[in-house]
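Participant: For reference, the structure I am asking about is given below.
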Amino acid sequence: MPQAPEFHDRMLSLGLARVSEAAAIACAPLIGRGDEKAADQAAVNAMRTQLNMLDIAGCVVIGEGERDEAPMLYIGEEVGTGEGPAVDIALDPLEGTTLTAKDMPNALTVIAMGPRGSMLHAPDVYMDKLAIGPGFAPGVVTLDMSPAERVAALAKAKGTDAGDITVCVLERPRHEEMIAELRSTGAAIRLITDGDVAGVMHCAEPAKTGIDMYMGSGGAPEGVLAAAALKCMGGQIFGRLLFRNEDEVGRARKAGIEDLDRIYSRDELVTGDVIFAATGVTDGNLVPGIRRDGGYLTAETILMRSKTGSVRRMYYRNPIDRSQPGR
Ligand SMILES: O=P(O)(O)OC[C@H]1O[C@](O)(COP(=O)(O)O)[C@@H](O)[C@@H]1O
């Protein structure tokens, strides 16, 4: 069997951190200004500029949309100088555009990178997701279980009661039934208005975030990004694509997906080693947001490698008037 090419990611990961950092810094003036589009555009521009400075032959496999929907960072766009390793890139320049516009918690800039073919080319459809943190037997909870069964199984594995489990769920009308069932178990529910990449990542550090499990449907591209994060941090995630119409089925087929009902495990969503970087835009439980205070701008990035399981936190501080990433 042909060997997967070695992924020389040690130094590359440092460059990746600058990419997510630059996107977050570009959003800074737009936090809490009520303009989601402007914030997203600022993040996209900065992320693309920084990516194109990296010595990679990169291809965006999860991006801002199809080529005809997104002028920049579209799926299939080639990025980087072309003078380095061939890599696939999954990105969400601003995960939580509404959170940013309203200055609500947990908006992040997010990017993952791995060798060609290392990440599922997820179409822009919904995905049913289930995630828990590290330290549990494989498949202790599954997508085939009911929400109540998942709570019971996780509580048993933790040697605790359902009442000690906190589940993170996107607050959406489509989740009302699931929320009612979860409530009937006595579990606590952390409702979030947006940002399920952060929601899933929070499961990996329950002592810090208070979240044990994530479940519900959200964007499939975000599902792959969350799987990349958990591949580095540890933890399990399962995802099944959801289709609302023929157009969405067509998107999946175009992306090369044949089995539409398949449940993907973390290592099927992200098959190879990846590096992952996320920078806080607004304050979050895992990383603080951008601050502009006393003439300085600060940012914090979480940078991780699945090969080693290393997690770094990079703190950035710069006088605001000289804070121009790329100089
Ligand atoms: O709002 P919907 O349609 O329920 O979609 C949920 C998706 O939107 C998000 O909440 C945020 O998306 P944006 O980055 O576009 O703001 C994701 O985290 C989540 O996967």
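Going by the structure tokens order, chains are called A, B, ..., each with residues numbered from 1, while ligands are numbered from 1 in the order shown.
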As a PyMOL selection string, please: every protein or nucleic acid residue near ligand 1 (cut-off 9 Å, counting only C-alpha atoms and all ligand atoms).
Facilitator: chain A and resi 36+40+92-100+107-108+126-127+170-172+174+192-199+217-223
Participant: Please compute the CA of Ala153 in chain A-CA of Asn106 in chain A distance, one decimal, in Å.
Facilitator: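 Distance reported for this atom pair: 28.1 Å.
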Participant: Name the residues in contact with range 68-80 of chain A at a cut-off of 8 Å, using only C-alpha atoms, excluding same-chain residues fewer than 3 positions from it; report them as an mmCIF file with C-alpha atoms, in the first residue's frame.
Facilitator:
data_model
loop_
_atom_site.group_PDB
_atom_site.id
_atom_site.type_symbol
_atom_site.label_atom_id
_atom_site.label_comp_id
_atom_site.auth_asym_id
_atom_site.auth_seq_id
_atom_site.Cartn_x
_atom_site.Cartn_y
_atom_site.Cartn_z
ATOM 1 C CA VAL A 44 -11.694 36.531 4.794
ATOM 2 C CA ASN A 45 -9.416 39.196 3.326
ATOM 3 C CA ARG A 48 -6.362 34.922 2.417
ATOM 4 C CA LEU A 51 -2.311 32.173 3.629
ATOM 5 C CA ASN A 52 -0.810 33.350 0.376
ATOM 6 C CA MET A 53 2.406 34.214 2.227
ATOM 7 C CA LEU A 54 2.892 30.611 3.381
ATOM 8 C CA ASP A 55 5.222 28.341 1.450
ATOM 9 C CA ILE A 56 2.600 25.745 0.617
ATOM 10 C CA ALA A 57 0.761 24.465 -2.422
ATOM 11 C CA GLY A 58 -2.567 24.732 -0.646
ATOM 12 C CA CYS A 59 -6.049 23.892 -1.807
ATOM 13 C CA VAL A 60 -9.145 25.066 0.063
ATOM 14 C CA VAL A 61 -11.378 22.020 0.562
ATOM 15 C CA ILE A 62 -13.682 23.601 3.127
ATOM 16 C CA GLY A 63 -14.119 27.300 2.600
ATOM 17 C CA GLU A 64 -16.520 30.128 2.041
ATOM 18 C CA GLY A 65 -18.619 28.210 -0.498
ATOM 19 C CA GLU A 83 6.644 26.521 -3.177
#
Participant: Quick one, how far is CA of Ile179 in chain A from CA of Leu154 in chain A?
Facilitator: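 Between CA of Ile179 in chain A and CA of Leu154 in chain A the gap is 16.7 Å.
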Participant: Please return, as a ChimeraX atom specification, all residues of range 79-317 of chain A that DSSP assigns to strand (DSSP E) on the basis of the backbone.
Facilitator: /A:79,86-95,108-115,126-132,166-170,188-192,213-219,236-242,263-265,275-280,291-293,296-305,310-317
Participant: Within 7 Å of Ala227 in chain A, counting only C-alpha atoms, which residues show up once you throw out same-chain ones fewer than 6 positions away? Write them as a list in words, please.
Facilitator: Ile237, Arg266, Leu269 and Val270 of chain A
Participant: Near Gly234 in chain A, counting only C-alpha atoms, which residues have an atom at most 9 Å away, once you skip same-chain residues fewer than 3 positions from it, shown as a tab-separated table (two decimals) with N, CA and C atoms, in the first residue's frame?
Facilitator:
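See out-v8.tsv below for the written result:
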chain	number	residue	atom	x	y	z
A	133	GLY	N	-15.58	14.53	25.16
A	133	GLY	CA	-14.15	14.77	25.34
A	133	GLY	C	-13.34	13.50	25.41
A	134	PRO	N	-12.04	13.61	25.74
A	134	PRO	CA	-11.16	12.44	25.77
A	134	PRO	C	-11.39	11.59	27.02
A	135	GLY	N	-10.86	10.36	26.97
A	135	GLY	CA	-10.86	9.53	28.17
A	135	GLY	C	-11.98	8.52	28.25
A	204	ALA	N	-13.74	19.01	25.01
A	204	ALA	CA	-12.39	18.48	25.24
A	204	ALA	C	-11.78	19.00	26.53
A	229	ALA	N	-10.18	19.72	15.29
A	229	ALA	CA	-9.79	20.20	16.63
A	229	ALA	C	-9.72	19.04	17.61
A	230	LEU	N	-10.74	18.18	17.60
A	230	LEU	CA	-10.76	17.06	18.55
A	230	LEU	C	-9.69	16.02	18.24
A	231	LYS	N	-9.29	15.94	16.98
A	231	LYS	CA	-8.21	15.00	16.64
A	231	LYS	C	-6.92	15.44	17.34
A	306	SER	N	-2.18	17.30	15.61
A	306	SER	CA	-2.72	15.97	15.96
A	306	SER	C	-1.61	14.94	16.09
A	309	GLY	N	-0.40	15.73	19.60
A	309	GLY	CA	-1.39	16.10	20.62
A	309	GLY	C	-0.99	17.36	21.38
Participant: Mind pulling up the distance from CA of His121 in chain A to CA of Glu21 in chain A?
Facilitator: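 Here the two named atoms are 24.5 Å from each other.
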Participant: List the neighbours of Lys208 in chain A out to 9 Å using only C-alpha atoms; skip same-chain residues closer than 3 positions along the sequence, and give me the result as number ranges by chain.
Facilitator: A: 202, 205, 211, 285-286
Participant: Of the candidates A:Lys129, A:Gly239, A:Cys232, A:Ala278, which shows the shortest atom-to-atom distance to Val311 in chain A, using only C-alpha atoms?
Facilitator: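 Residue with the minimum atom-to-atom distance to Val311 in chain A: A:Cys232.
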